[in-house]
Every structure is written in C-alpha cells, then in structure tokens.
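Shown next: my_file-v7.csv, containing CSV, C-alpha atoms.
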chain,number,residue,atom,x,y,z
M,1,MET,CA,94.1,95.5,86.2
M,2,ILE,CA,95.6,98.8,84.9
M,3,ALA,CA,95.8,99.3,81.2
M,4,LEU,CA,97.7,102.0,79.3
M,5,GLN,CA,98.3,102.6,75.6
M,6,VAL,CA,101.3,104.5,74.4
M,7,TYR,CA,102.0,105.8,70.9
M,8,ALA,CA,105.6,106.4,69.9
M,9,ALA,CA,106.2,107.5,66.4
M,10,GLY,CA,109.2,105.7,64.9
M,11,LEU,CA,109.0,102.7,67.2
M,12,ARG,CA,109.1,100.3,64.2
M,13,GLU,CA,112.4,101.7,63.0
M,14,GLY,CA,115.6,99.7,63.5
M,15,ASP,CA,116.1,98.0,66.8
M,16,LEU,CA,114.0,100.3,69.0
M,17,ILE,CA,111.4,97.6,69.9
M,18,LEU,CA,114.3,95.4,71.1
M,19,ARG,CA,115.8,98.2,73.1
M,20,LEU,CA,112.4,99.0,74.7
M,21,GLY,CA,112.1,95.3,75.6
M,22,HIS,CA,115.5,95.4,77.3
M,23,GLY,CA,114.5,98.5,79.2
M,24,LEU,CA,111.3,96.7,80.5
M,25,GLU,CA,113.1,93.5,81.6
M,26,THR,CA,113.8,94.9,85.0
M,27,HIS,CA,110.0,95.5,85.6
M,28,ALA,CA,108.8,91.9,86.0
M,29,HIS,CA,105.2,92.8,86.9
M,30,VAL,CA,104.6,94.7,83.7
M,31,ARG,CA,103.0,93.0,80.7
M,32,TYR,CA,103.2,94.7,77.4
M,33,LYS,CA,102.5,94.1,73.7
M,34,VAL,CA,104.0,96.0,70.8
M,35,ASP,CA,102.0,96.7,67.6
M,36,PRO,CA,104.8,97.8,65.3
M,37,ASN,CA,102.5,98.5,62.4
M,38,HIS,CA,100.9,101.4,64.4
M,39,ASP,CA,103.9,102.3,66.7
M,40,MET,CA,101.8,101.4,69.7
M,41,VAL,CA,102.6,99.7,73.0
M,42,TYR,CA,99.9,98.3,75.2
M,43,PHE,CA,100.8,98.0,78.9
M,44,GLU,CA,99.0,96.0,81.6
M,45,PHE,CA,99.8,96.2,85.3
M,46,ASP,CA,98.3,94.4,88.3
M,47,GLU,CA,99.6,97.1,90.5
M,48,PRO,CA,101.0,100.6,89.6
M,49,THR,CA,104.6,99.4,89.7
M,50,LEU,CA,105.7,101.7,86.8
M,51,SER,CA,104.8,105.4,86.8
M,52,LEU,CA,104.2,107.6,83.9
M,53,VAL,CA,107.5,109.3,84.6
M,54,LYS,CA,109.4,106.0,84.4
M,55,ILE,CA,107.5,105.1,81.2
M,56,GLU,CA,108.5,108.4,79.6
M,57,ARG,CA,112.1,107.8,80.7
M,58,LEU,CA,112.1,104.4,79.0
M,59,PHE,CA,111.0,105.9,75.7
M,60,ASP,CA,113.3,108.9,76.1
M,61,GLU,CA,116.3,106.6,76.5
M,62,ILE,CA,115.7,105.0,73.1
M,63,GLY,CA,115.1,108.4,71.5
M,64,LEU,CA,111.3,108.3,71.2
M,65,VAL,CA,108.6,110.6,72.5
M,66,PRO,CA,105.7,108.7,74.1
M,67,ARG,CA,102.2,109.9,73.7
M,68,PHE,CA,99.6,108.4,76.0
M,69,VAL,CA,96.4,107.4,74.2
M,70,GLY,CA,93.0,107.5,75.9
M,71,ASP,CA,92.3,107.9,79.6
M,72,ILE,CA,95.3,107.7,81.9
M,73,PRO,CA,94.5,105.5,84.8
M,74,PRO,CA,94.3,107.5,88.1
M,75,GLU,CA,96.9,105.1,89.7
M,76,LEU,CA,99.5,106.3,87.2
M,77,GLU,CA,98.7,110.0,87.1
M,78,LYS,CA,101.6,112.4,87.4
M,79,PRO,CA,101.6,114.0,90.8
M,80,THR,CA,101.1,117.8,90.6
M,81,PRO,CA,104.4,119.4,91.3
M,82,ARG,CA,104.4,121.4,94.5
M,83,THR,CA,106.3,124.7,94.4
M,84,GLU,CA,107.5,126.7,97.2
M,85,ARG,CA,108.0,130.4,97.2
M,86,ILE,CA,111.6,131.4,97.6
M,87,SER,CA,112.0,134.3,99.9
M,88,LEU,CA,114.9,136.6,99.3
M,89,GLN,CA,116.4,137.9,102.4
M,90,ARG,CA,118.6,140.9,102.1
M,91,GLY,CA,121.4,141.6,104.5
M,92,VAL,CA,121.2,144.8,106.6
M,93,SER,CA,124.0,147.2,105.8
Would you give me this structure, written as structure tokens?
Amino acid sequence: MIALQVYAAGLREGDLILRLGHGLETHAHVRYKVDPNHDMVYFEFDEPTLSLVKIERLFDEIGLVPRFVGDIPPELEKPTPRTERISLQRGVS
C-alpha cells in the first residue's frame, strides 16, 4: 500500500472538498480521506495509479496549492526532467 498526505491551506472553505471529490471520481483505485479541520487529505493507493503531477493538477484546478507532508513514496516521485542542449546552427553566408 502507498500512503501520501497532502496539506492544502483553505481546503475547508466553501465547496472545495466537494470539488476535490468530483475530481477524484475518475480515479477508482484511489482511496482518500479529508480532514477539513486541518486542511489535510490522506491518500492510499494499492498501485501508483495517480502521480504527484496529477495530484498537483487536481488541487490546482480547484485553486489550492498542495504541499506534500512527510516522505514521498518512491513510486510517486516526480521524474527528474531531462534537458537537451539546443545547438544553434548558423547558416554560411
């Protein structure tokens, strides 16, 4: 089992918990519990079906900034972006 805790300041305001729930409906294998008193969401996965990037997007869509609490499970770690050097070729005149 994979467990992840997310703090999102302002989660308890208005209908944000409901909107988060609607965003998570499409992810059937994700279990979550909301603690509105502390603006926390506790996630549990059997498999890494939801990445950190997708979790961040879910919170961004409802106007919140997620902060991951504690250790991030290695299965959900963000991949290190690979960059490539762009070579500029100049035309011969």
Which residue, M:Val6, M:Leu58, M:Leu76, M:Val65, has the smallest gap to Thr26 of chain M when you use only C-alpha atoms?
M:Leu58
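Comparing M:Ile72, M:Gly63, M:Ile17, M:His27 by their smallest distance to Val41 of chain M, the closest is M:Ile17 (using all atoms listed in the file).
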Got a sec: who's within 7 Å of segment 45-48 of chain M, counting only C-alpha atoms, leaving out chain neighbours fewer than 6 positions off, as a list in words?
Met1, Ile2, Ala3, His29, Val30, Arg31, Glu75 and Leu76 of chain M
Selected residue, from M:Pro73, M:Leu20, M:Glu61, M:Gly14, that lies nearest to Met40 of chain M when counting only C-alpha atoms
M:Leu20
Nearest to Gly23 of chain M: which of M:Val69, M:Ala9, M:Arg57, M:Leu64 is it, counting only C-alpha atoms?
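Ranking M:Val69, M:Ala9, M:Arg57, M:Leu64 by distance to Gly23 of chain M, first place goes to M:Arg57.
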Could you tell me how far atom CA of Asp71 of chain M lies from atom CA of Pro36 of chain M, in Å and to one decimal?
21.5 Å
